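Below: data-v8.txt (compact mmCIF, C-alpha atoms)
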```txt
# COMPACT_ATOMS: atom_id res chain seq x y z
CA MET A 27 0.00 0.00 0.00
CA SER A 28 1.40 3.40 -1.00
CA ARG A 29 2.12 6.17 1.49
CA GLN A 30 -0.61 8.31 -0.11
CA SER A 31 -3.25 5.58 0.18
CA LEU A 32 -2.22 4.96 3.78
CA ARG A 33 -2.66 8.68 4.47
CA GLU A 34 -6.08 8.69 2.82
CA GLN A 35 -7.13 5.63 4.80
CA PHE A 36 -5.89 7.26 8.00
CA LEU A 37 -7.74 10.52 7.39
CA GLY A 38 -10.92 8.67 6.38
CA SER A 39 -11.07 6.53 9.50
CA THR A 40 -12.78 7.22 12.82
CA PRO A 41 -10.91 8.86 15.74
CA LEU A 42 -10.89 5.47 17.51
CA GLU A 43 -9.32 3.76 14.52
CA ARG A 44 -6.74 6.53 14.14
CA ALA A 45 -5.82 6.27 17.82
CA TYR A 46 -5.46 2.52 17.48
CA ARG A 47 -3.20 2.81 14.43
CA LEU A 48 -1.02 5.40 16.17
CA LEU A 49 -0.77 3.30 19.31
CA VAL A 50 0.14 0.01 17.63
CA ASN A 51 1.73 1.45 14.45
CA GLN A 52 -0.48 -0.77 12.29
CA GLU A 53 0.31 -0.76 8.58
CA ASP A 54 0.16 -4.49 7.78
CA ALA A 55 -3.10 -5.35 6.04
CA ARG A 56 -2.59 -9.03 6.93
CA VAL A 57 -2.47 -8.35 10.66
CA CYS A 58 -5.88 -10.02 11.19
CA LYS A 59 -4.94 -13.31 9.59
CA ASP A 60 -5.50 -15.30 12.82
CA ILE A 61 -8.98 -13.92 13.67
CA ASP A 62 -12.10 -13.96 11.51
CA GLU A 63 -13.13 -11.09 9.23
CA ALA A 64 -16.07 -9.95 11.38
CA ALA A 65 -13.85 -9.66 14.48
CA CYS A 66 -11.19 -7.87 12.47
CA ARG A 67 -13.54 -5.01 11.63
CA VAL A 68 -14.05 -4.14 15.31
CA VAL A 69 -10.51 -4.68 16.60
CA PRO A 70 -9.85 -1.01 17.58
CA GLY A 71 -12.87 -0.79 19.89
CA ASN A 72 -12.20 -4.20 21.42
CA PHE A 73 -8.52 -3.30 21.89
CA PHE A 74 -9.27 -0.16 23.90
CA LEU A 75 -12.06 -1.81 25.91
CA GLN A 76 -9.67 -4.54 27.01
CA VAL A 77 -6.98 -2.01 27.88
CA LEU A 78 -9.55 -0.11 29.96
CA THR A 79 -10.81 -3.28 31.67
CA GLN A 80 -7.32 -4.45 32.57
CA PHE A 81 -6.50 -0.98 33.87
CA PHE A 82 -9.48 -1.13 36.24
CA THR A 83 -8.62 -4.61 37.51
CA LYS A 84 -4.88 -3.97 37.88
CA LEU A 85 -5.54 -0.78 39.82
CA GLY A 86 -8.06 -2.64 41.98
CA ASP A 87 -5.41 -5.28 42.66
CA ALA A 88 -2.95 -2.60 43.73
CA ILE A 89 -5.43 -1.00 46.13
CA ALA A 90 -6.73 -4.27 47.65
CA ASN A 91 -3.28 -5.85 47.85
CA PRO A 92 -3.22 -8.71 50.41
CA LYS A 93 0.37 -7.89 51.34
CA THR A 94 -0.56 -4.34 52.29
CA ILE A 95 -4.18 -3.33 52.86
CA LEU A 96 -5.58 -6.72 53.90
CA ALA A 97 -2.62 -7.54 56.13
CA TRP A 98 -3.01 -4.18 57.86
CA MET A 99 -6.72 -4.78 58.35
CA LEU A 100 -6.10 -8.14 60.01
CA SER A 101 -3.68 -6.51 62.40
CA ALA A 102 -5.99 -3.60 63.12
CA LEU A 103 -8.89 -5.96 63.84
CA GLY A 104 -6.83 -8.00 66.29
CA ALA A 105 -6.82 -11.22 64.23
CA PRO A 106 -4.06 -13.74 65.05
CA SER A 107 -1.00 -13.30 62.84
CA VAL A 108 -1.39 -16.82 61.42
CA PHE A 109 -4.22 -15.53 59.21
CA ALA A 110 -1.87 -13.11 57.47
CA ALA A 111 0.32 -16.02 56.37
CA PHE A 112 -2.54 -17.39 54.26
CA LEU A 113 -3.44 -14.18 52.42
CA VAL A 114 -1.10 -14.46 49.42
CA PRO A 115 -1.34 -18.27 48.94
CA ILE A 116 -5.16 -18.16 48.95
CA ARG A 117 -5.28 -15.19 46.60
CA GLU A 118 -2.90 -16.71 44.07
CA SER A 119 -3.54 -20.45 44.29
CA GLY A 120 -7.28 -20.20 44.80
CA SER A 121 -7.69 -18.62 41.38
CA MET A 122 -5.55 -21.27 39.66
CA LEU A 123 -6.28 -24.67 41.19
CA PRO A 124 -9.92 -25.03 40.01
CA GLN A 125 -9.30 -23.72 36.51
CA LEU A 126 -9.53 -27.11 34.81
CA VAL A 127 -13.13 -27.39 36.00
CA ILE A 128 -13.77 -23.71 35.23
CA ALA A 129 -12.41 -24.20 31.71
CA ALA A 130 -14.92 -26.97 31.02
CA PHE A 131 -17.69 -24.53 31.98
CA VAL A 132 -16.18 -21.80 29.80
CA ARG A 133 -16.00 -24.13 26.80
CA GLN A 134 -19.79 -24.45 26.91
CA GLN A 135 -20.16 -20.72 26.25
CA ALA A 136 -20.19 -19.62 22.61
CA VAL A 137 -19.69 -16.02 23.82
CA ARG A 138 -17.29 -16.05 26.76
CA LYS A 139 -17.06 -12.42 27.79
CA TRP A 140 -20.03 -12.91 30.14
CA THR A 141 -17.95 -15.36 32.20
CA TYR A 142 -15.43 -12.57 32.72
CA VAL A 143 -18.20 -10.11 33.59
CA LEU A 144 -19.56 -12.54 36.20
CA GLY A 145 -16.07 -12.94 37.67
CA CYS A 146 -15.66 -9.17 38.00
CA ILE A 147 -19.02 -8.77 39.74
CA LEU A 148 -18.20 -11.55 42.21
CA GLN A 149 -14.78 -10.02 42.89
CA ALA A 150 -16.43 -6.67 43.56
CA ALA A 151 -18.87 -8.32 45.99
CA ALA A 152 -16.00 -10.04 47.80
CA VAL A 153 -14.06 -6.79 48.21
CA PHE A 154 -17.15 -4.95 49.46
CA ALA A 155 -17.62 -7.81 51.96
CA MET A 156 -14.05 -7.29 53.20
CA ALA A 157 -14.85 -3.65 53.85
CA GLY A 158 -17.99 -4.68 55.76
CA ILE A 159 -16.02 -7.18 57.87
CA ALA A 160 -13.84 -4.38 59.20
CA THR A 161 -16.88 -2.61 60.63
CA SER A 162 -18.55 -5.61 62.27
CA LEU A 163 -16.01 -8.27 63.33
CA THR A 164 -12.80 -8.49 65.30
CA GLY A 165 -10.23 -11.10 66.31
CA THR A 166 -10.44 -14.68 65.06
CA ALA A 167 -13.91 -14.18 63.59
CA ALA A 168 -12.61 -11.33 61.45
CA GLY A 169 -9.69 -13.49 60.33
CA PHE A 170 -11.89 -16.38 59.18
CA ALA A 171 -14.40 -14.04 57.52
CA LEU A 172 -11.70 -12.17 55.63
CA LEU A 173 -10.11 -15.39 54.38
CA ALA A 174 -13.54 -16.64 53.29
CA SER A 175 -14.12 -13.43 51.33
CA LEU A 176 -10.65 -13.71 49.82
CA THR A 177 -11.44 -17.28 48.76
CA VAL A 178 -14.54 -16.09 46.90
CA PHE A 179 -12.46 -13.32 45.36
CA SER A 180 -9.77 -15.75 44.25
CA LEU A 181 -12.18 -18.29 42.75
CA SER A 182 -13.91 -15.48 40.87
CA ARG A 183 -10.53 -14.36 39.62
CA GLY A 184 -10.18 -17.82 38.09
CA LEU A 185 -13.29 -17.24 35.98
CA CYS A 186 -11.75 -14.06 34.61
CA SER A 187 -8.37 -15.64 33.99
CA VAL A 188 -9.66 -18.45 31.79
CA ALA A 189 -12.19 -16.34 29.89
CA SER A 190 -9.93 -13.34 29.29
CA LYS A 191 -7.23 -15.28 27.45
CA ASP A 192 -9.78 -16.81 25.11
CA VAL A 193 -11.63 -13.55 24.43
CA LEU A 194 -8.32 -11.78 23.82
CA GLY A 195 -7.36 -14.45 21.28
CA LYS A 196 -10.71 -14.10 19.49
CA THR A 197 -10.85 -10.29 19.37
CA VAL A 198 -7.29 -8.96 19.05
CA PRO A 199 -4.73 -10.10 16.41
CA LYS A 200 -1.65 -12.03 17.50
CA THR A 201 0.82 -9.19 16.97
CA ARG A 202 -1.24 -6.73 19.05
CA ARG A 203 -2.09 -8.74 22.19
CA GLY A 204 0.99 -7.90 24.22
CA ARG A 205 0.22 -4.19 23.98
CA VAL A 206 -3.19 -4.68 25.62
CA SER A 207 -1.48 -5.70 28.86
CA GLY A 208 1.45 -3.35 28.30
CA TRP A 209 -0.61 -0.16 28.09
CA SER A 210 -3.02 -1.18 30.86
CA GLU A 211 -0.11 -1.92 33.21
CA PHE A 212 1.46 1.42 32.27
CA LEU A 213 -1.71 3.31 33.22
CA ALA A 214 -2.24 1.29 36.41
CA GLY A 215 1.40 1.80 37.38
CA LEU A 216 0.97 5.55 37.01
CA VAL A 217 -1.99 5.62 39.41
CA THR A 218 -0.35 3.10 41.76
CA ILE A 219 2.50 5.54 42.30
CA GLY A 220 -0.08 8.00 43.61
CA VAL A 221 -1.41 5.34 45.99
CA GLY A 222 2.14 4.72 47.20
CA VAL A 223 2.75 8.43 47.77
CA TYR A 224 -0.48 8.60 49.77
CA LEU A 225 0.57 5.65 51.95
CA LEU A 226 4.08 7.05 52.31
CA SER A 227 2.75 10.40 53.51
CA GLY A 228 0.34 8.79 55.94
CA GLY A 229 2.94 8.02 58.57
CA ASP A 230 2.11 5.40 61.17
CA HIS A 231 -1.41 4.07 60.72
CA SER A 232 -3.65 3.61 63.70
CA ALA A 233 -7.23 2.59 64.39
CA ARG A 234 -8.51 6.04 63.52
CA ASP A 235 -7.32 5.49 59.94
CA LEU A 236 -9.79 2.65 59.45
CA ALA A 237 -12.18 4.86 57.48
CA THR A 238 -9.44 5.61 54.96
CA TYR A 239 -8.78 1.94 54.32
CA LEU A 240 -12.48 1.20 54.08
CA LEU A 241 -12.65 3.91 51.44
CA LEU A 242 -9.79 2.31 49.52
CA LEU A 243 -11.49 -1.09 49.56
CA SER A 244 -14.76 0.47 48.44
CA ILE A 245 -12.96 2.16 45.56
CA ALA A 246 -11.35 -1.18 44.65
CA GLY A 247 -14.75 -2.87 44.58
CA GLY A 248 -16.06 -0.09 42.37
CA LEU A 249 -13.18 -0.59 39.97
CA TRP A 250 -14.18 -4.24 39.42
CA LEU A 251 -17.74 -3.13 38.73
CA LEU A 252 -16.44 -0.67 36.16
CA ALA A 253 -14.36 -3.48 34.66
CA SER A 254 -17.49 -5.61 34.29
CA VAL A 255 -19.21 -2.80 32.38
CA SER A 256 -16.32 -2.09 30.01
CA TYR A 257 -15.82 -5.81 29.29
CA ALA A 258 -19.53 -6.29 28.58
CA LEU A 259 -19.18 -3.73 25.77
CA ILE A 260 -16.64 -5.88 23.89
CA ARG A 261 -18.02 -7.19 20.59
CA GLU A 262 -17.24 -10.91 20.71
CA TYR A 263 -18.55 -13.24 18.03
CA PRO A 264 -19.70 -16.80 18.92
CA GLY A 265 -17.07 -19.54 18.90
CA ALA A 266 -16.86 -23.31 19.22
CA THR A 267 -18.44 -25.00 22.26
CA GLU A 268 -17.36 -28.62 21.97
CA GLY A 269 -15.67 -30.35 24.88
CA GLY A 270 -17.69 -28.91 27.75
CA ALA A 271 -20.06 -31.76 28.62
CA ASN A 272 -18.76 -32.94 31.98
CA ALA A 273 -16.54 -30.58 33.90
CA LEU A 274 -14.67 -33.12 36.06
CA SER A 275 -14.09 -35.75 33.38
CA GLU A 276 -13.07 -33.08 30.88
CA ALA A 277 -10.68 -31.64 33.44
CA ILE A 278 -8.97 -35.00 33.93
CA LYS A 279 -8.68 -35.49 30.17
CA ARG A 280 -7.07 -32.09 29.73
CA LEU A 281 -4.24 -32.99 32.11
CA ASP A 282 -3.03 -35.41 29.45
CA LEU A 283 -1.77 -32.35 27.58
CA LEU A 284 1.22 -32.37 29.92
CA ARG A 285 2.18 -35.79 28.56
CA SER A 286 1.20 -35.54 24.92
CA ASP A 287 2.03 -31.90 24.05
CA ARG A 288 5.77 -31.35 24.44
CA PRO A 289 5.89 -27.60 23.62
CA PHE A 290 3.12 -26.96 26.14
CA ARG A 291 4.81 -29.14 28.77
CA ASN A 292 8.06 -27.23 28.35
CA PHE A 293 6.16 -23.94 28.65
CA VAL A 294 4.62 -25.05 31.97
CA ILE A 295 8.06 -26.05 33.29
CA ALA A 296 9.52 -22.70 32.20
CA ARG A 297 6.62 -20.80 33.77
CA ALA A 298 7.05 -22.70 37.06
CA LEU A 299 10.75 -21.81 37.21
CA LEU A 300 10.00 -18.18 36.36
CA LEU A 301 7.87 -17.91 39.50
CA CYS A 302 11.13 -16.76 41.08
CA SER A 303 10.29 -13.19 40.05
CA ALA A 304 7.18 -13.24 42.27
CA LEU A 305 8.59 -15.35 45.11
CA SER A 306 11.75 -13.26 45.51
CA ALA A 307 10.02 -9.98 46.42
CA PRO A 308 9.25 -10.68 50.11
CA PHE A 309 12.79 -11.97 50.66
CA PHE A 310 14.22 -8.74 49.25
CA ILE A 311 12.23 -6.94 51.95
CA LEU A 312 13.34 -9.41 54.63
CA LEU A 313 16.96 -8.91 53.62
CA ALA A 314 16.47 -5.16 53.91
CA HIS A 315 15.17 -5.64 57.46
CA GLU A 316 18.15 -7.84 58.27
CA GLN A 317 20.77 -5.45 56.91
CA THR A 318 19.33 -2.08 57.96
CA GLY A 319 17.43 -2.87 61.14
CA GLY A 320 14.17 -1.82 59.50
CA ALA A 321 15.32 1.70 58.63
CA MET A 322 13.14 3.45 56.05
CA LEU A 323 11.14 0.34 55.32
CA VAL A 324 8.01 2.35 54.64
CA LEU A 325 5.26 0.49 52.81
CA GLY A 326 4.60 3.34 50.42
CA LEU A 327 8.20 3.36 49.17
CA PHE A 328 7.93 -0.21 47.90
CA VAL A 329 4.49 0.45 46.42
CA ILE A 330 6.00 3.40 44.55
CA ALA A 331 8.85 1.23 43.28
CA ASP A 332 6.36 -1.38 42.07
CA GLY A 333 4.14 1.18 40.36
CA LEU A 334 7.10 3.01 38.81
CA ALA A 335 8.41 -0.29 37.41
CA SER A 336 5.10 -0.89 35.62
CA LEU A 337 5.04 2.69 34.42
CA VAL A 338 8.44 2.60 32.74
CA SER A 339 8.53 -1.01 31.56
CA ALA A 340 5.02 -2.18 30.63
CA PRO A 341 4.75 -0.51 27.17
CA PHE A 342 8.25 -1.78 26.32
CA TRP A 343 7.41 -5.33 27.39
CA GLY A 344 4.14 -5.11 25.46
CA ARG A 345 5.86 -4.19 22.20
CA PHE A 346 8.63 -6.71 22.84
CA ALA A 347 6.07 -9.47 23.51
CA ASP A 348 4.31 -8.75 20.23
CA ASP A 349 7.67 -9.21 18.50
CA SER A 350 8.61 -12.36 20.44
CA SER A 351 6.98 -13.32 23.74
CA ARG A 352 9.48 -16.18 24.07
CA ARG A 353 12.39 -13.75 24.08
CA VAL A 354 10.59 -11.64 26.68
CA MET A 355 10.48 -14.69 28.95
CA ILE A 356 14.19 -15.29 28.36
CA VAL A 357 15.25 -11.70 29.01
CA ALA A 358 12.93 -11.10 31.97
CA GLY A 359 13.73 -14.44 33.61
CA SER A 360 17.45 -13.79 33.24
CA GLY A 361 16.94 -10.30 34.65
CA ALA A 362 15.12 -11.59 37.73
CA GLY A 363 17.90 -14.08 38.40
CA LEU A 364 20.70 -11.57 37.88
CA VAL A 365 19.05 -8.96 40.13
CA GLY A 366 18.93 -11.52 42.95
CA LEU A 367 22.57 -12.51 42.41
CA ALA A 368 23.64 -8.85 42.32
CA LEU A 369 21.84 -8.02 45.56
CA VAL A 370 23.41 -10.93 47.43
CA ALA A 371 26.84 -10.06 46.01
CA LEU A 372 26.46 -6.48 47.20
CA VAL A 373 25.55 -7.61 50.72
CA TYR A 374 28.65 -9.77 51.01
CA LEU A 375 31.14 -7.62 49.07
CA SER A 376 30.12 -4.18 50.31
CA PRO A 377 28.63 -4.30 53.82
CA THR A 378 28.77 -0.52 54.14
CA LEU A 379 26.69 0.02 51.03
CA ALA A 380 24.37 -2.82 52.05
CA ALA A 381 23.51 -0.89 55.22
CA SER A 382 21.96 1.88 53.12
CA ALA A 383 18.20 1.46 53.14
CA TRP A 384 17.72 3.09 49.70
CA VAL A 385 19.54 0.18 48.04
CA TYR A 386 16.66 -2.25 48.63
CA PRO A 387 13.81 -0.30 47.01
CA LEU A 388 16.17 0.19 44.04
CA PHE A 389 16.75 -3.56 43.66
CA PHE A 390 13.04 -4.12 44.28
CA PHE A 391 12.36 -1.74 41.38
CA PHE A 392 14.53 -3.78 39.01
CA LEU A 393 12.98 -7.02 40.23
CA ALA A 394 9.51 -5.57 39.60
CA ILE A 395 10.54 -4.67 36.04
CA ALA A 396 11.67 -8.25 35.46
CA HIS A 397 8.49 -9.61 37.03
CA ALA A 398 6.35 -7.44 34.75
CA GLY A 399 8.19 -8.90 31.78
CA VAL A 400 7.79 -12.48 32.99
CA ARG A 401 4.06 -12.03 33.52
CA LEU A 402 3.41 -10.30 30.22
CA GLY A 403 5.66 -12.64 28.24
CA ARG A 404 4.13 -15.87 29.50
CA LYS A 405 0.56 -14.52 29.17
CA THR A 406 1.14 -13.53 25.56
CA TYR A 407 2.99 -16.76 24.75
CA VAL A 408 0.25 -19.09 26.00
CA VAL A 409 -2.43 -17.16 24.10
CA ASP A 410 -0.41 -17.37 20.86
CA LEU A 411 0.63 -20.99 21.37
CA ALA A 412 -2.78 -22.39 20.42
CA GLY A 413 -6.15 -21.35 19.04
CA GLY A 414 -9.81 -22.11 19.72
CA ASN A 415 -10.68 -24.34 22.65
CA LYS A 416 -7.08 -25.53 22.88
CA ARG A 417 -6.16 -22.05 24.09
CA THR A 418 -8.66 -22.38 26.94
CA ASP A 419 -7.22 -25.80 27.82
CA TYR A 420 -3.67 -24.47 27.83
CA VAL A 421 -4.56 -21.63 30.18
CA ALA A 422 -6.55 -23.88 32.53
CA VAL A 423 -4.01 -26.71 32.75
CA SER A 424 -1.01 -24.40 33.16
CA ASN A 425 -2.74 -22.29 35.81
CA THR A 426 -3.84 -25.37 37.75
CA VAL A 427 -0.31 -26.78 37.76
CA ILE A 428 1.17 -23.42 38.74
CA GLY A 429 -1.37 -23.15 41.57
CA LEU A 430 -0.05 -26.42 42.99
CA VAL A 431 3.53 -25.27 42.51
CA LEU A 432 2.78 -22.05 44.37
CA LEU A 433 1.47 -23.97 47.35
CA LEU A 434 4.59 -26.13 47.36
CA ALA A 435 6.84 -23.12 46.82
CA GLY A 436 5.44 -21.63 50.02
CA GLY A 437 7.74 -24.09 51.75
CA ILE A 438 10.70 -22.12 50.43
CA GLY A 439 9.90 -19.52 53.06
CA ALA A 440 10.62 -22.10 55.76
CA LEU A 441 14.22 -22.30 54.49
CA ALA A 442 14.79 -18.84 55.93
CA GLU A 443 14.62 -20.49 59.36
CA VAL A 444 17.62 -22.74 58.63
CA MET A 445 19.70 -20.60 56.25
CA PRO A 446 20.35 -16.89 55.65
CA VAL A 447 17.74 -14.97 53.70
CA SER A 448 20.43 -14.31 51.10
CA GLY A 449 20.68 -18.09 50.58
CA VAL A 450 16.98 -18.28 49.75
CA ILE A 451 17.41 -15.42 47.27
CA LEU A 452 20.25 -17.34 45.62
CA ILE A 453 18.03 -20.41 45.23
CA LEU A 454 15.30 -18.31 43.65
CA ALA A 455 17.82 -16.56 41.39
CA ALA A 456 18.99 -19.95 40.15
CA MET A 457 15.35 -20.80 39.41
CA GLY A 458 15.04 -17.66 37.31
CA LEU A 459 18.13 -18.44 35.25
CA ALA A 460 16.93 -22.01 34.77
CA GLY A 461 13.53 -20.68 33.67
CA ALA A 462 15.21 -18.42 31.12
CA ALA A 463 17.20 -21.37 29.78
CA MET A 464 14.03 -23.45 29.55
CA SER A 465 12.26 -20.61 27.74
CA ALA A 466 15.04 -20.60 25.16
CA ARG A 467 14.06 -24.17 24.29
CA LEU A 468 10.46 -23.21 23.51
CA PRO A 469 9.38 -22.86 19.86
CA ASP A 470 9.30 -19.28 18.60
CA ILE A 471 5.66 -18.81 17.56
CA ASP A 472 5.56 -15.04 17.23
CA ASP A 473 6.37 -14.67 13.57
CA ASN A 474 4.15 -12.21 11.76
```
Kindly present the structure from the file in structure tokens form.
Amino acid sequence: MSRQSLREQFLGSTPLERAYRLLVNQEDARVCKDIDEAACRVVPGNFFLQVLTQFFTKLGDAIANPKTILAWMLSALGAPSVFAAFLVPIRESGSMLPQLVIAAFVRQQAVRKWTYVLGCILQAAAVFAMAGIATSLTGTAAGFALLASLTVFSLSRGLCSVASKDVLGKTVPKTRRGRVSGWSEFLAGLVTIGVGVYLLSGGDHSARDLATYLLLLSIAGGLWLLASVSYALIREYPGATEGGANALSEAIKRLDLLRSDRPFRNFVIARALLLCSALSAPFFILLAHEQTGGAMLVLGLFVIADGLASLVSAPFWGRFADDSSRRVMIVAGSGAGLVGLALVALVYLSPTLAASAWVYPLFFFFLAIAHAGVRLGRKTYVVDLAGGNKRTDYVAVSNTVIGLVLLLAGGIGALAEVMPVSGVILILAAMGLAGAAMSARLPDIDDN
């Protein structure tokens, strides 16, 4: 197509289409070769609706973070500390373990966006319930009630996880999917920095601050409701529905993919090893406590580092993933491993520098950049690896396996009782490098 005809097409298109072309630099007329013609005609609107939806949910996740807001609430309500230990495992594993059964349900739906909408509404209800718990319960009762609400939230998150990958594959072309997550994470990171600044400026929180945290949880619940509305507006065309007759039997059958599908099996192994980018974060903070005596370990500073990492890296990872999601996994996994090795080396080679509290948020920032790449790379790769119902199966099987691995990986934390925290970081760094090496063995499926 000539430059003049491209200019005429650009000027003759709608503002939404022009914004889409500018954002993704689309000039290839064959870009829709892996989705049907009807879906291709509405890609710009679907693209922006999914960016908006993911922005709402990612910001909601940042505000209702179990490591920050929910942990503080448990403490403020006088719940035993043992409840706090279950917050992250329930939130992460609860959304993954039942996904084989969830996937069989999703396969019965010709239009699958409504599964995602239902998941968002249930997540909103769970977060609103958490806010209500803080006003009516205390102690052990509050602990059990909060974990029950978090379980509902996590299971609902599983509905969204399975459905979103399939809808993304049906509505956005292969070479544009990474940018959906990239731009939404950029926007959420920008707002998350503001949340971190607010927490940083709040000083020491006490019981009188409860109203502020209730407000934050209410806002988070509202964000998931907004996400349900924006996702409902996506124009998704009906797809295949075979394979959804019996949820449990279908779930068991799908596990055979790990034996029969070698590329998929290698992807699951690589993804499991790349969990190091998520598992390392709390040990970075523990090491900071150990080396600085807790100086300057203000919650807001780490939230800012996390948000800033998304802000500066997400669009880059999005474009990189559209070029080759496999290489994103390699680079990001290597980065996570090398950041861990560098931090441990600094602690042992330069004790004076290691006593500086600012060092740890800086390393946390680089780890968060690597983690953003790992997440975006593996999400894009699994969507591109297969089409149709096979995509749903891939997402469900891999998430179920990773849910089990996460529960088992929780035992890594116990190693900190018998070895230095730096030793645990070294183990996780080795996992990251091994995950990068395993990713290099995956087939490169991102050709245009």
Using all atoms listed in the file, which residue out of A:Ala466, A:Val294, A:Leu337, A:Cys186 lies closest to A:Gln125?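 Checking each candidate against A:Gln125, we get A:Cys186 as the closest.
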For A:Leu78, work out the shell of residues within 8 Å, counting only C-alpha atoms and skipping chain neighbours fewer than 3 positions away, then give it as JSON, numbers by chain. {"A": [74, 75, 81, 82, 210, 253, 256]}
Emit the selected residues as a PDB file, keeping the file's coordinate frame, including C-alpha atoms.
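Output (selection27.pdb):
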```
ATOM      1  CA  PHE A  74      -9.270  -0.160  23.900  1.00  0.00           C
ATOM      2  CA  LEU A  75     -12.060  -1.810  25.910  1.00  0.00           C
ATOM      3  CA  PHE A  81      -6.500  -0.980  33.870  1.00  0.00           C
ATOM      4  CA  PHE A  82      -9.480  -1.130  36.240  1.00  0.00           C
ATOM      5  CA  SER A 210      -3.020  -1.180  30.860  1.00  0.00           C
ATOM      6  CA  ALA A 253     -14.360  -3.480  34.660  1.00  0.00           C
ATOM      7  CA  SER A 256     -16.320  -2.090  30.010  1.00  0.00           C
TER       8      SER A 256
END
```
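Between atom CA of A:Ile245 and atom CA of A:Leu103 there is a distance of 20.4 Å.
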What does the distance between atom CA of A:Ile159 and atom CA of A:Leu172 come to in Å, to one decimal place?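 Value for the atom CA of A:Ile159-atom CA of A:Leu172 distance: 7.0 Å.
Counting only C-alpha atoms, the residue from A:Gly344, A:Gly361, A:Gly222, A:Gly195 that sits nearest to A:Glu262 is A:Gly195.
Of note, atom CA of A:Thr406 and atom CA of A:Tyr263 are spaced 21.1 Å apart.
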Please list as a PyMOL selection string every residue within 8 Å of A:Gly247, counting only C-alpha atoms and excluding residues in the same chain fewer than 3 positions away. chain A and resi 86+149-154+243-244+250-251
Which residues are near stretch 217-221 of chain A? Cut-off 10 Å, all atoms listed in the file, ignore same chain within fewer than 4 positions. Put them as a VMD selection string. chain A and resid 81 84 to 89 211 to 213 225 to 227 242 326 to 337
Please return, as a PyMOL selection string, all polymer residues that have at least one atom within 8 Å of the point (-8.6, -12.0, 65.8); use all atoms listed in the file and the file's own coordinate frame. chain A and resi 100+103-106+164-169
Got a sec to check which residues sit within 10 Å of (24.7, -9.3, 49.7), counting all atoms listed in the file, and write them as a VMD selection string? chain A and resid 313 317 366 to 377 379 to 380 447 to 449 451
Closest pair table for stretch 395-436 of chain A residues within 8 Å of stretch 298-301 of chain A, all atoms listed in the file, as a tab-separated table:
```
residue	atom	partner	partner_atom	distance
A:Val400	CA	A:Leu300	CA	7.0
A:Ile428	CA	A:Ala298	CA	6.2
A:Val431	CA	A:Ala298	CA	7.0
```
Selected residue of minimal separation from A:Thr141 among A:Ala381, A:Ala258, A:Ala157, A:Ala237, counting all atoms listed in the file: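 Of the candidates, the smallest distance to A:Thr141 is held by A:Ala258.
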Coordinates of box centre and edge lengths for stretch 383-402 of chain A, 5 Å on every side, axis-aligned, as AutoDock Vina command-line options:
```
--center_x 11.5 --center_y -4.7 --center_z 41.7 --size_x 26.1 --size_y 25.6 --size_z 32.9
```
When distances are computed from all atoms listed in the file, which of A:Ile356, A:Cys302, A:Ala129, A:Val427 shows the smallest separation from A:Leu452? A:Cys302
